[in-house]
Amino acid sequence: MFERVRDVVASIPTGKVLSYGDVAKRAGVSSPRLVGRIMSEDTADLPWHRVLRANGTVAEHLRERQLEALRAEGVLANGPKIDMRAHRWTT
DNA sequence: AGTTTGACTAACG
DNA sequence: TCGTTAGCCAAAC
């Protein structure tokens, strides 16, 4: 199931983002916490910065890197939060 | 085997 | 808009 989650995250196009809940749903896992936990263990090649909370914020220990990475991909934050409505990956 | 802990979310106040 | 509560799964103690 970890592979499933990783696959979903890896398939997020540059400039787009997903919430943990979205990733969980796409990956077919039961809880968004799983996604977070999985990524905390193994983010090796994943664009983990493209995954944020549903409200567009991120955990503090990641926030700086997160925003920096997203900024580099064109997902500019209007402050400490990301504009999910604009950048949410919808297919 | 039971408790604690997270890169979480949705619902309430 | 921000803090709290309850529900959630798997790993670490």
# chains A, B, ... in the order shown; residues from 1 in each chain; ligands from 1
call {"tool": "interface_residues", "arguments": {"of": "chain A", "to": "chain B", "cutoff": "8 Å", "atoms": "only C-alpha atoms (C1' of nucleotides)", "output": "list in words"}}
result
Tyr20, Gly21, Ser31, Pro32, Arg33, Gly36, Arg37, Met39, Ser40, Arg53, Ala54, Val58, Ala59 and Leu62 of chain A
call {"tool": "write_last_selection", "arguments": {"atoms": "all heavy atoms", "output": "JSON list (two decimals), in the first residue's frame"}}
result
[["chain", "number", "residue", "atom", "x", "y", "z"],
["A", 20, "TYR", "N", -3.36, 15.64, 1.88],
["A", 20, "TYR", "CA", -3.11, 14.27, 2.33],
["A", 20, "TYR", "C", -4.36, 13.43, 2.10],
["A", 20, "TYR", "O", -4.28, 12.27, 1.69],
["A", 20, "TYR", "CB", -2.72, 14.27, 3.81],
["A", 20, "TYR", "CG", -1.36, 14.85, 4.04],
["A", 20, "TYR", "CD1", -1.21, 16.21, 4.28],
["A", 20, "TYR", "CD2", -0.23, 14.05, 3.98],
["A", 20, "TYR", "CE1", 0.05, 16.75, 4.49],
["A", 20, "TYR", "CE2", 1.03, 14.58, 4.17],
["A", 20, "TYR", "CZ", 1.16, 15.93, 4.43],
["A", 20, "TYR", "OH", 2.40, 16.47, 4.63],
["A", 21, "GLY", "N", -5.50, 14.03, 2.36],
["A", 21, "GLY", "CA", -6.75, 13.31, 2.17],
["A", 21, "GLY", "C", -6.94, 12.92, 0.72],
["A", 21, "GLY", "O", -7.41, 11.82, 0.41],
["A", 31, "SER", "N", -6.88, 6.15, 5.62],
["A", 31, "SER", "CA", -6.72, 7.36, 6.42],
["A", 31, "SER", "C", -5.57, 8.23, 5.93],
["A", 31, "SER", "O", -4.51, 7.74, 5.58],
["A", 31, "SER", "CB", -6.48, 6.95, 7.87],
["A", 31, "SER", "OG", -6.03, 8.07, 8.59],
["A", 32, "PRO", "N", -5.77, 9.53, 5.90],
["A", 32, "PRO", "CA", -4.73, 10.47, 5.49],
["A", 32, "PRO", "C", -3.53, 10.42, 6.42],
["A", 32, "PRO", "O", -2.42, 10.77, 6.01],
["A", 32, "PRO", "CB", -5.42, 11.83, 5.58],
["A", 32, "PRO", "CG", -6.65, 11.63, 6.40],
["A", 32, "PRO", "CD", -7.02, 10.21, 6.25],
["A", 33, "ARG", "N", -3.70, 10.02, 7.64],
["A", 33, "ARG", "CA", -2.58, 9.95, 8.57],
["A", 33, "ARG", "C", -1.55, 8.96, 8.06],
["A", 33, "ARG", "O", -0.36, 9.11, 8.27],
["A", 33, "ARG", "CB", -3.06, 9.54, 9.95],
["A", 33, "ARG", "CG", -4.07, 10.49, 10.50],
["A", 33, "ARG", "CD", -4.22, 10.31, 11.98],
["A", 33, "ARG", "NE", -3.20, 11.07, 12.66],
["A", 33, "ARG", "CZ", -3.46, 11.94, 13.62],
["A", 33, "ARG", "NH1", -4.68, 12.13, 14.01],
["A", 33, "ARG", "NH2", -2.50, 12.61, 14.19],
["A", 36, "GLY", "N", 0.78, 10.64, 5.65],
["A", 36, "GLY", "CA", 1.78, 11.43, 6.37],
["A", 36, "GLY", "C", 2.85, 10.57, 7.00],
["A", 36, "GLY", "O", 4.03, 10.85, 6.91],
["A", 37, "ARG", "N", 2.41, 9.49, 7.62],
["A", 37, "ARG", "CA", 3.37, 8.62, 8.30],
["A", 37, "ARG", "C", 4.30, 7.94, 7.30],
["A", 37, "ARG", "O", 5.49, 7.86, 7.48],
["A", 37, "ARG", "CB", 2.64, 7.56, 9.12],
["A", 37, "ARG", "CG", 3.53, 6.97, 10.17],
["A", 37, "ARG", "CD", 2.87, 5.77, 10.80],
["A", 37, "ARG", "NE", 2.62, 4.75, 9.80],
["A", 37, "ARG", "CZ", 3.55, 4.04, 9.21],
["A", 37, "ARG", "NH1", 4.81, 4.27, 9.50],
["A", 37, "ARG", "NH2", 3.25, 3.15, 8.33],
["A", 39, "MET", "N", 5.16, 8.96, 4.34],
["A", 39, "MET", "CA", 6.10, 9.92, 3.79],
["A", 39, "MET", "C", 7.16, 10.31, 4.79],
["A", 39, "MET", "O", 8.29, 10.59, 4.44],
["A", 39, "MET", "CB", 5.34, 11.14, 3.30],
["A", 39, "MET", "CG", 4.55, 10.80, 2.05],
["A", 39, "MET", "SD", 3.34, 12.03, 1.69],
["A", 39, "MET", "CE", 4.32, 13.19, 0.83],
["A", 40, "SER", "N", 6.79, 10.35, 6.05],
["A", 40, "SER", "CA", 7.77, 10.72, 7.07],
["A", 40, "SER", "C", 8.88, 9.67, 7.12],
["A", 40, "SER", "O", 10.01, 9.97, 7.46],
["A", 40, "SER", "CB", 7.10, 10.82, 8.44],
["A", 40, "SER", "OG", 6.70, 9.54, 8.89],
["A", 53, "ARG", "N", -1.61, 20.10, 3.73],
["A", 53, "ARG", "CA", -2.85, 19.87, 4.47],
["A", 53, "ARG", "C", -4.02, 20.44, 3.68],
["A", 53, "ARG", "O", -3.87, 21.24, 2.78],
["A", 53, "ARG", "CB", -2.77, 20.59, 5.82],
["A", 53, "ARG", "CG", -1.81, 19.91, 6.77],
["A", 53, "ARG", "CD", -2.21, 20.23, 8.17],
["A", 53, "ARG", "NE", -1.12, 20.82, 8.94],
["A", 53, "ARG", "CZ", -1.27, 21.20, 10.19],
["A", 53, "ARG", "NH1", -2.43, 21.13, 10.76],
["A", 53, "ARG", "NH2", -0.27, 21.69, 10.85],
["A", 54, "ALA", "N", -5.20, 19.99, 4.09],
["A", 54, "ALA", "CA", -6.43, 20.38, 3.39],
["A", 54, "ALA", "C", -6.63, 21.89, 3.42],
["A", 54, "ALA", "O", -7.22, 22.46, 2.50],
["A", 54, "ALA", "CB", -7.62, 19.68, 4.02],
["A", 58, "VAL", "N", 1.13, 23.69, 6.25],
["A", 58, "VAL", "CA", 1.99, 22.52, 6.45],
["A", 58, "VAL", "C", 2.52, 22.50, 7.87],
["A", 58, "VAL", "O", 2.51, 23.51, 8.55],
["A", 58, "VAL", "CB", 3.21, 22.53, 5.51],
["A", 58, "VAL", "CG1", 3.04, 21.49, 4.44],
["A", 58, "VAL", "CG2", 3.47, 23.88, 4.95],
["A", 59, "ALA", "N", 3.00, 21.34, 8.29],
["A", 59, "ALA", "CA", 3.57, 21.23, 9.63],
["A", 59, "ALA", "C", 4.79, 22.13, 9.74],
["A", 59, "ALA", "O", 5.51, 22.34, 8.76],
["A", 59, "ALA", "CB", 3.95, 19.78, 9.90],
["A", 62, "LEU", "N", 8.38, 21.43, 8.45],
["A", 62, "LEU", "CA", 8.54, 21.30, 7.01],
["A", 62, "LEU", "C", 8.26, 22.60, 6.29],
["A", 62, "LEU", "O", 8.71, 22.79, 5.17],
["A", 62, "LEU", "CB", 7.54, 20.27, 6.49],
["A", 62, "LEU", "CG", 7.80, 18.86, 6.99],
["A", 62, "LEU", "CD1", 6.65, 17.98, 6.56],
["A", 62, "LEU", "CD2", 9.09, 18.36, 6.38]]
call {"tool": "select_by_dssp", "arguments": {"residues": "chain A", "states": "alpha helix (DSSP H)", "output": "ChimeraX atom specification"}}
result
/A:2-10,20-27,32-41,60-72,84-87
call {"tool": "closest_atom_pairs", "arguments": {"of": "chain C", "to": "chain A", "cutoff": "8 Å", "atoms": "only C-alpha atoms (C1' of nucleotides)", "output": "CSV"}}
result
residue,atom,partner,partner_atom,distance
C:DC8,C1',A:Ser31,CA,5.6
C:DC9,C1',A:Leu34,CA,5.9
C:DA10,C1',A:Leu34,CA,7.0
call {"tool": "residues_around", "arguments": {"residues": "region 42-51 of chain A", "least_positions_apart": "2", "cutoff": "6 Å", "atoms": "only C-alpha atoms (C1' of nucleotides)", "output": "PyMOL selection string"}}
result
chain A and resi 10+17-19+39-40+66
call {"tool": "atom_distance", "arguments": {"atom1": "CA of Ala69 (chain A)", "atom2": "CA of Ala27 (chain A)"}}
result
23.1 Å
call {"tool": "decode", "arguments": {"residues": "chain C", "atoms": "C-alpha atoms (C1' of nucleotides)", "output": "PDB file, in the first residue's frame"}}
result
ATOM      1  C1'  DT C   1     -10.549  32.952  11.468  1.00  0.00           C
ATOM      2  C1'  DC C   2      -8.547  30.069  15.201  1.00  0.00           C
ATOM      3  C1'  DG C   3      -8.617  26.414  18.920  1.00  0.00           C
ATOM      4  C1'  DT C   4     -10.701  21.970  20.388  1.00  0.00           C
ATOM      5  C1'  DT C   5     -12.761  17.136  19.787  1.00  0.00           C
ATOM      6  C1'  DA C   6     -13.315  12.886  17.864  1.00  0.00           C
ATOM      7  C1'  DG C   7     -12.136   9.515  14.280  1.00  0.00           C
ATOM      8  C1'  DC C   8      -8.542   7.385  11.765  1.00  0.00           C
ATOM      9  C1'  DC C   9      -4.203   3.597  10.641  1.00  0.00           C
ATOM     10  C1'  DA C  10       0.211   1.766  11.436  1.00  0.00           C
ATOM     11  C1'  DA C  11       4.580   1.816  13.858  1.00  0.00           C
ATOM     12  C1'  DA C  12       7.256   2.346  18.147  1.00  0.00           C
ATOM     13  C1'  DC C  13       7.493   1.532  23.199  1.00  0.00           C
TER      14       DC C  13
END
